[in-house]
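Heads up, the thing below is written out as structure tokens.
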Amino acid sequence: MDDLKLKFKSFSIIEKLITVNVVVFIAFYFINTFAYLFDSSSGFITDWFTFPKELGEFLTKPWSIVTYAFLHSGFWHIASNMIILYFSGKYFVSYLTGKRVLTVYFLGAIMGAILYMLSYNLFPVFSEVGSSVLLGASASVMAILIATAAYIPHMSVRLMFIGSVKFWWIATFFVILDIIQIPSGNAGGHIAHLGGALFGYLYAVQLKKGNDIGSGFEKLMDAIVSMFKPRKKSPLKTVHKAKKSKNTTSKKASQSKVKNPNQAEIDAILDKISKSGYDSLTKQEKDFLFKAGKD
């Protein structure tokens with residue numbers, strides 16, 4: 001068990017997200033299997049974590065606005081989402097840092113859920129639809145994919161059997177695919193995907209202008225996490241505090257400069273990507289971006 005914990009801690013934020021999704025998928029698969037074997041209401045537990053279309057039902061389980069983004073209806077559902085998350089997430093982390101992944105993942109899920117509920121309660125075509133719930137990470141994944149494409153629109157990536165393509169071409173393809181599939185079935189799911197895509201686009205565009213629209217959510221998450229962190233109590237009181245010498249202060253300042261990535265170098269690399277594509281970077285430049293993304 002300790003080895004698994006250490007392994008999990010060594011994962012990148014994208015790998016951790018994928019692991020959590022897979023573990024939840026397996027756990028709920030066995031829960032629903034046991035419910036079936038004991039002739040219990042199939043999906044009863046799952047229903048508490050899926051997002052409903054009715055506002056009244058949502059108020060009885062408000063947590064569902066984020067928990068639905070970790071549930072999946074089948075193997076291909078989770079496999080496709082995790083593949084896209086891994087593919088787009090590694091580029092997101094390189095340019096927008098790892099901490100922002102969770103912000104976009106959760107806010108993309110929230111935007112997708114809101115658009116889903118509004119659509120089912122405003123559009124006449126859905127007036128005859130009975131019970132309907134939303135589940136899946138697609139809105140969150142779309143938010144990360146579109147945010148990356150909007151932030152670095154001219155970045156080129158290589159796809160097997162296709163060659164080099166612009167990242168925004170891939171993002172546009174998925175958006176169009178969702179739009180044209182709305183009338184053919186799973187309309188609520190595709191609308192939620194578009195909600196996540198809309199947030200990802202707005203987030204990246206505003207970030208390029210210097211406005212981080214997710215900063216408030218990040219502060220809220222930090223406050224919630226800090227509430228559950230155990231506070232370390234020191235058995236001894238500090239009765240004497242040595243004065244720090246100027247040499248020590250200057251040494252720490254120089255170390256902090258080394259730790260913080262050089263923004264000018266990052267901007268130069270991003271300009272190079274915009275002009276020549278991601279593949280034009282040297283190994284050292286790619287490593288530098290990867291390390292900067294983890295900070």
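The way I read the labels, and the way they are meant: chains A, B, ... in the order of the structure tokens, residue 1 as the first residue of every chain, and ligand 1 as the first ligand shown, with later ones counted on from there.
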
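If you count only C-alpha atoms and ignore residues fewer than 5 places along the chain from Gly214 in chain A, what sits within 12 Å of it is Lys99, Arg100, Val101, Leu102, Thr103, Val104, Tyr105, Phe106, Leu107, Gly108, Phe199, Gly200, Leu202, Tyr203, Ala204, Gln206, Leu207, Lys219, Leu220 and Met221 of chain A.
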
Closest contacts (range 63-111 of chain A/range 137-159 of chain A, max 7 Å, only C-alpha atoms) as a Markdown table:
| residue | atom | partner | partner_atom | distance |
| --- | --- | --- | --- | --- |
| A:Ala69 | CA | A:Ala137 | CA | 4.3 |
| A:Phe70 | CA | A:Ala137 | CA | 5.9 |
| A:Asn81 | CA | A:Ser138 | CA | 6.0 |
| A:Ile84 | CA | A:Val141 | CA | 7.0 |
| A:Leu85 | CA | A:Val141 | CA | 5.5 |
| A:Ser88 | CA | A:Leu145 | CA | 5.2 |
| A:Gly89 | CA | A:Ile144 | CA | 6.6 |
| A:Tyr91 | CA | A:Thr148 | CA | 6.9 |
| A:Phe92 | CA | A:Thr148 | CA | 5.4 |
| A:Val104 | CA | A:Ile144 | CA | 6.2 |
| A:Tyr105 | CA | A:Ser140 | CA | 4.5 |
| A:Phe106 | CA | A:Ser140 | CA | 6.5 |
| A:Gly108 | CA | A:Ser140 | CA | 4.6 |
| A:Ala109 | CA | A:Ser140 | CA | 4.8 |

What separates CA of Ser164 in chain A and CA of Lys16 in chain A is a distance of 28.5 Å

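Counting only C-alpha atoms and comparing A:Gln181, A:Thr67, A:Asn186, A:Thr19, the residue that lies closest to Tyr120 in chain A is A:Asn186.
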
Apply DSSP to the backbone of this structure and, from range 2-243 of chain A, keep only the residues in alpha helix (DSSP H); write these as a compact mmCIF listing (two decimals) with C-alpha atoms, in the first residue's frame.
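Result went into result14.txt, see below:
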# COMPACT_ATOMS: atom_id res chain seq x y z
CA ASP A 2 2.84 2.40 0.85
CA ASP A 3 4.45 1.66 -2.51
CA LEU A 4 1.21 2.57 -4.28
CA LYS A 5 0.98 5.84 -2.35
CA LEU A 6 4.55 6.75 -3.27
CA LYS A 7 3.90 5.83 -6.89
CA PHE A 8 0.76 7.99 -6.96
CA LYS A 9 2.61 10.95 -5.47
CA SER A 10 5.21 10.71 -8.23
CA ILE A 13 -1.37 16.01 -12.22
CA ILE A 14 -2.78 14.58 -15.47
CA GLU A 15 -1.76 11.04 -14.50
CA LYS A 16 -3.37 11.54 -11.08
CA LEU A 17 -6.63 12.69 -12.67
CA ILE A 18 -6.65 9.67 -14.98
CA THR A 19 -5.90 7.33 -12.06
CA VAL A 20 -8.76 8.76 -9.98
CA ASN A 21 -11.18 8.39 -12.90
CA VAL A 22 -10.13 4.78 -13.50
CA VAL A 23 -10.32 3.84 -9.80
CA VAL A 24 -13.80 5.39 -9.50
CA PHE A 25 -14.93 3.59 -12.66
CA ILE A 26 -13.76 0.22 -11.32
CA ALA A 27 -15.24 0.85 -7.87
CA PHE A 28 -18.69 1.74 -9.23
CA TYR A 29 -18.58 -1.18 -11.63
CA PHE A 30 -18.27 -3.60 -8.70
CA ILE A 31 -20.84 -1.68 -6.63
CA ASN A 32 -23.42 -1.93 -9.41
CA THR A 33 -22.54 -5.59 -10.00
CA PHE A 34 -23.17 -6.47 -6.35
CA ALA A 35 -26.39 -4.45 -6.41
CA TYR A 36 -27.55 -6.53 -9.37
CA LEU A 37 -26.62 -9.85 -7.75
CA PHE A 44 -29.06 3.44 -6.80
CA ILE A 45 -25.70 4.55 -5.40
CA THR A 46 -24.55 5.94 -8.74
CA ASP A 47 -27.66 8.14 -8.92
CA LEU A 55 -33.11 22.04 -10.30
CA GLY A 56 -35.12 20.65 -7.37
CA GLU A 57 -33.36 17.30 -7.56
CA PHE A 58 -29.98 18.99 -7.86
CA LEU A 59 -30.59 20.90 -4.61
CA SER A 64 -23.19 16.17 -8.13
CA ILE A 65 -22.18 19.25 -10.15
CA VAL A 66 -18.58 18.02 -9.88
CA THR A 67 -18.87 14.32 -8.94
CA PHE A 75 -15.32 1.13 -21.04
CA TRP A 76 -15.27 3.07 -24.31
CA HIS A 77 -16.72 6.10 -22.60
CA ILE A 78 -13.90 6.34 -20.07
CA ALA A 79 -11.21 5.17 -22.52
CA SER A 80 -11.95 7.91 -25.07
CA ASN A 81 -12.10 10.60 -22.38
CA MET A 82 -8.84 9.53 -20.73
CA ILE A 83 -6.98 9.33 -24.05
CA ILE A 84 -8.00 12.88 -24.96
CA LEU A 85 -7.25 14.06 -21.41
CA TYR A 86 -3.74 12.61 -21.55
CA PHE A 87 -3.06 13.96 -25.04
CA SER A 88 -4.31 17.51 -24.43
CA GLY A 89 -3.32 17.61 -20.76
CA LYS A 90 0.41 17.19 -21.35
CA TYR A 91 0.42 20.28 -23.59
CA PHE A 92 -1.77 22.19 -21.14
CA VAL A 93 0.69 21.55 -18.31
CA SER A 94 3.62 22.71 -20.47
CA TYR A 95 2.11 26.14 -21.13
CA LEU A 96 -0.47 26.82 -18.41
CA LYS A 99 -2.15 23.77 -10.87
CA ARG A 100 -4.50 25.27 -13.44
CA VAL A 101 -5.42 21.80 -14.75
CA LEU A 102 -7.70 21.15 -11.77
CA THR A 103 -9.25 24.62 -12.06
CA VAL A 104 -10.17 24.11 -15.71
CA TYR A 105 -11.23 20.49 -15.10
CA PHE A 106 -13.70 21.40 -12.33
CA LEU A 107 -14.95 24.69 -13.77
CA GLY A 108 -15.35 23.04 -17.18
CA ALA A 109 -17.50 20.37 -15.50
CA ILE A 110 -19.57 23.03 -13.73
CA MET A 111 -20.12 25.02 -16.92
CA GLY A 112 -21.10 21.86 -18.80
CA ALA A 113 -23.60 20.89 -16.08
CA ILE A 114 -25.16 24.37 -16.03
CA LEU A 115 -25.59 24.44 -19.81
CA TYR A 116 -27.05 20.92 -19.69
CA MET A 117 -29.66 21.89 -17.09
CA LEU A 118 -30.56 25.15 -18.83
CA SER A 119 -30.99 23.40 -22.18
CA TYR A 120 -33.29 20.71 -20.82
CA ASN A 121 -35.47 23.30 -19.09
CA LEU A 122 -35.56 26.00 -21.79
CA SER A 138 -16.16 14.90 -21.38
CA ALA A 139 -17.07 18.51 -20.45
CA SER A 140 -13.91 18.77 -18.30
CA VAL A 141 -11.75 17.18 -20.99
CA MET A 142 -13.16 19.51 -23.65
CA ALA A 143 -12.39 22.48 -21.40
CA ILE A 144 -8.73 21.43 -21.16
CA LEU A 145 -8.49 20.65 -24.90
CA ILE A 146 -10.03 23.95 -26.02
CA ALA A 147 -8.13 26.01 -23.45
CA THR A 148 -4.84 24.64 -24.79
CA ALA A 149 -5.84 25.25 -28.40
CA ALA A 150 -7.00 28.80 -27.66
CA TYR A 151 -3.87 29.66 -25.69
CA PHE A 167 -3.71 21.93 -32.43
CA TRP A 168 -6.71 24.20 -33.00
CA TRP A 169 -7.74 22.03 -35.99
CA ILE A 170 -8.12 19.08 -33.61
CA ALA A 171 -10.08 21.16 -31.11
CA THR A 172 -12.36 22.54 -33.83
CA PHE A 173 -13.02 19.02 -35.11
CA PHE A 174 -14.30 17.87 -31.70
CA VAL A 175 -16.48 20.97 -31.28
CA ILE A 176 -18.08 20.49 -34.71
CA LEU A 177 -18.54 16.78 -33.97
CA ASP A 178 -20.51 17.62 -30.83
CA ILE A 179 -22.68 20.18 -32.62
CA ILE A 180 -23.69 17.90 -35.49
CA GLN A 181 -24.43 15.01 -33.10
CA ALA A 187 -28.19 15.68 -26.88
CA GLY A 188 -27.63 16.58 -23.23
CA GLY A 189 -24.17 15.06 -23.23
CA HIS A 190 -23.08 16.91 -26.36
CA ILE A 191 -24.48 20.20 -25.02
CA ALA A 192 -22.51 19.69 -21.80
CA HIS A 193 -19.38 19.08 -23.88
CA LEU A 194 -19.94 22.44 -25.58
CA GLY A 195 -20.36 24.09 -22.17
CA GLY A 196 -16.96 22.79 -21.13
CA ALA A 197 -15.46 23.91 -24.44
CA LEU A 198 -16.94 27.39 -23.97
CA PHE A 199 -15.35 27.74 -20.55
CA GLY A 200 -11.98 26.50 -21.82
CA TYR A 201 -12.03 29.08 -24.61
CA LEU A 202 -13.01 31.98 -22.33
CA TYR A 203 -10.44 30.94 -19.74
CA ALA A 204 -7.54 30.89 -22.22
CA VAL A 205 -8.55 34.11 -24.00
CA GLN A 206 -8.84 36.01 -20.72
CA LEU A 207 -5.59 34.53 -19.42
CA LYS A 208 -3.74 35.81 -22.47
CA SER A 215 -8.17 32.49 -9.52
CA GLY A 216 -11.14 32.81 -7.18
CA PHE A 217 -11.93 29.11 -7.55
CA GLU A 218 -8.28 28.22 -6.90
CA LYS A 219 -8.31 30.23 -3.66
CA LEU A 220 -11.52 28.49 -2.60
CA MET A 221 -10.01 25.06 -3.27
CA ASP A 222 -6.84 25.98 -1.37
CA ALA A 223 -8.93 27.09 1.60
CA ILE A 224 -10.94 23.85 1.59
CA VAL A 225 -7.80 21.69 1.33
CA SER A 226 -6.09 23.60 4.16
CA MET A 227 -9.07 22.81 6.44

Which of range 77-187 of chain A fall in strand (DSSP E or B), as an MDAnalysis selection string = chainID A and resid 133:134 156:159 163:166

Could you save the residues just selected, with all heavy atoms, as a PDB file, in the first residue's frame?
ATOM      1  N   VAL A 133     -30.017  12.132 -16.622  1.00  0.00           N
ATOM      2  CA  VAL A 133     -28.890  12.527 -15.777  1.00  0.00           C
ATOM      3  C   VAL A 133     -27.635  12.654 -16.640  1.00  0.00           C
ATOM      4  O   VAL A 133     -27.557  12.097 -17.734  1.00  0.00           O
ATOM      5  CB  VAL A 133     -28.629  11.515 -14.637  1.00  0.00           C
ATOM      6  CG1 VAL A 133     -29.776  11.515 -13.656  1.00  0.00           C
ATOM      7  CG2 VAL A 133     -28.370  10.129 -15.188  1.00  0.00           C
ATOM      8  N   LEU A 134     -26.684  13.390 -16.120  1.00  0.00           N
ATOM      9  CA  LEU A 134     -25.425  13.641 -16.814  1.00  0.00           C
ATOM     10  C   LEU A 134     -24.285  12.968 -16.072  1.00  0.00           C
ATOM     11  O   LEU A 134     -24.196  13.061 -14.846  1.00  0.00           O
ATOM     12  CB  LEU A 134     -25.181  15.147 -16.903  1.00  0.00           C
ATOM     13  CG  LEU A 134     -23.921  15.632 -17.610  1.00  0.00           C
ATOM     14  CD1 LEU A 134     -23.984  15.311 -19.105  1.00  0.00           C
ATOM     15  CD2 LEU A 134     -23.750  17.150 -17.412  1.00  0.00           C
ATOM     16  N   SER A 156       1.768  23.171 -33.526  1.00  0.00           N
ATOM     17  CA  SER A 156       1.608  21.992 -34.388  1.00  0.00           C
ATOM     18  C   SER A 156       1.956  20.729 -33.619  1.00  0.00           C
ATOM     19  O   SER A 156       2.890  20.715 -32.806  1.00  0.00           O
ATOM     20  CB  SER A 156       2.511  22.101 -35.621  1.00  0.00           C
ATOM     21  OG  SER A 156       2.142  23.197 -36.422  1.00  0.00           O
ATOM     22  N   VAL A 157       1.187  19.662 -33.854  1.00  0.00           N
ATOM     23  CA  VAL A 157       1.460  18.367 -33.240  1.00  0.00           C
ATOM     24  C   VAL A 157       1.432  17.302 -34.322  1.00  0.00           C
ATOM     25  O   VAL A 157       0.797  17.474 -35.365  1.00  0.00           O
ATOM     26  CB  VAL A 157       0.421  18.019 -32.144  1.00  0.00           C
ATOM     27  CG1 VAL A 157       0.514  18.989 -30.997  1.00  0.00           C
ATOM     28  CG2 VAL A 157      -0.989  18.001 -32.717  1.00  0.00           C
ATOM     29  N   ARG A 158       2.123  16.210 -34.068  1.00  0.00           N
ATOM     30  CA  ARG A 158       2.164  15.113 -35.033  1.00  0.00           C
ATOM     31  C   ARG A 158       1.187  14.015 -34.630  1.00  0.00           C
ATOM     32  O   ARG A 158       1.185  13.562 -33.499  1.00  0.00           O
ATOM     33  CB  ARG A 158       3.585  14.542 -35.139  1.00  0.00           C
ATOM     34  CG  ARG A 158       4.551  15.456 -35.863  1.00  0.00           C
ATOM     35  CD  ARG A 158       5.864  14.751 -36.172  1.00  0.00           C
ATOM     36  NE  ARG A 158       6.731  15.596 -36.958  1.00  0.00           N
ATOM     37  CZ  ARG A 158       6.667  15.719 -38.277  1.00  0.00           C
ATOM     38  NH1 ARG A 158       5.755  15.036 -38.951  1.00  0.00           N
ATOM     39  NH2 ARG A 158       7.493  16.508 -38.930  1.00  0.00           N
ATOM     40  N   LEU A 159       0.345  13.612 -35.582  1.00  0.00           N
ATOM     41  CA  LEU A 159      -0.601  12.532 -35.360  1.00  0.00           C
ATOM     42  C   LEU A 159      -0.232  11.346 -36.237  1.00  0.00           C
ATOM     43  O   LEU A 159       0.194  11.516 -37.393  1.00  0.00           O
ATOM     44  CB  LEU A 159      -2.029  12.987 -35.685  1.00  0.00           C
ATOM     45  CG  LEU A 159      -2.607  14.116 -34.821  1.00  0.00           C
ATOM     46  CD1 LEU A 159      -4.021  14.442 -35.271  1.00  0.00           C
ATOM     47  CD2 LEU A 159      -2.595  13.743 -33.347  1.00  0.00           C
ATOM     48  N   GLY A 163       0.282  13.065 -39.769  1.00  0.00           N
ATOM     49  CA  GLY A 163       1.401  13.992 -39.850  1.00  0.00           C
ATOM     50  C   GLY A 163       1.178  15.202 -38.964  1.00  0.00           C
ATOM     51  O   GLY A 163       0.431  15.146 -37.985  1.00  0.00           O
ATOM     52  N   SER A 164       1.791  16.321 -39.313  1.00  0.00           N
ATOM     53  CA  SER A 164       1.740  17.527 -38.502  1.00  0.00           C
ATOM     54  C   SER A 164       0.447  18.303 -38.767  1.00  0.00           C
ATOM     55  O   SER A 164       0.111  18.585 -39.916  1.00  0.00           O
ATOM     56  CB  SER A 164       2.953  18.408 -38.801  1.00  0.00           C
ATOM     57  OG  SER A 164       2.930  19.572 -38.008  1.00  0.00           O
ATOM     58  N   VAL A 165      -0.278  18.620 -37.709  1.00  0.00           N
ATOM     59  CA  VAL A 165      -1.509  19.410 -37.816  1.00  0.00           C
ATOM     60  C   VAL A 165      -1.522  20.461 -36.724  1.00  0.00           C
ATOM     61  O   VAL A 165      -0.873  20.308 -35.686  1.00  0.00           O
ATOM     62  CB  VAL A 165      -2.776  18.534 -37.708  1.00  0.00           C
ATOM     63  CG1 VAL A 165      -2.861  17.549 -38.848  1.00  0.00           C
ATOM     64  CG2 VAL A 165      -2.819  17.824 -36.363  1.00  0.00           C
ATOM     65  N   LYS A 166      -2.256  21.535 -36.942  1.00  0.00           N
ATOM     66  CA  LYS A 166      -2.410  22.568 -35.928  1.00  0.00           C
ATOM     67  C   LYS A 166      -3.300  22.040 -34.794  1.00  0.00           C
ATOM     68  O   LYS A 166      -4.281  21.350 -35.030  1.00  0.00           O
ATOM     69  CB  LYS A 166      -3.055  23.821 -36.530  1.00  0.00           C
ATOM     70  CG  LYS A 166      -2.248  24.461 -37.656  1.00  0.00           C
ATOM     71  CD  LYS A 166      -0.977  25.104 -37.138  1.00  0.00           C
ATOM     72  CE  LYS A 166      -0.260  25.857 -38.261  1.00  0.00           C
ATOM     73  NZ  LYS A 166       1.011  26.457 -37.802  1.00  0.00           N
TER      74      LYS A 166
END

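Nearest residue to Gly130 in chain A, choosing from A:Gly98, A:Lys53, A:Ser280, A:Phe290 and counting only C-alpha atoms: A:Lys53.
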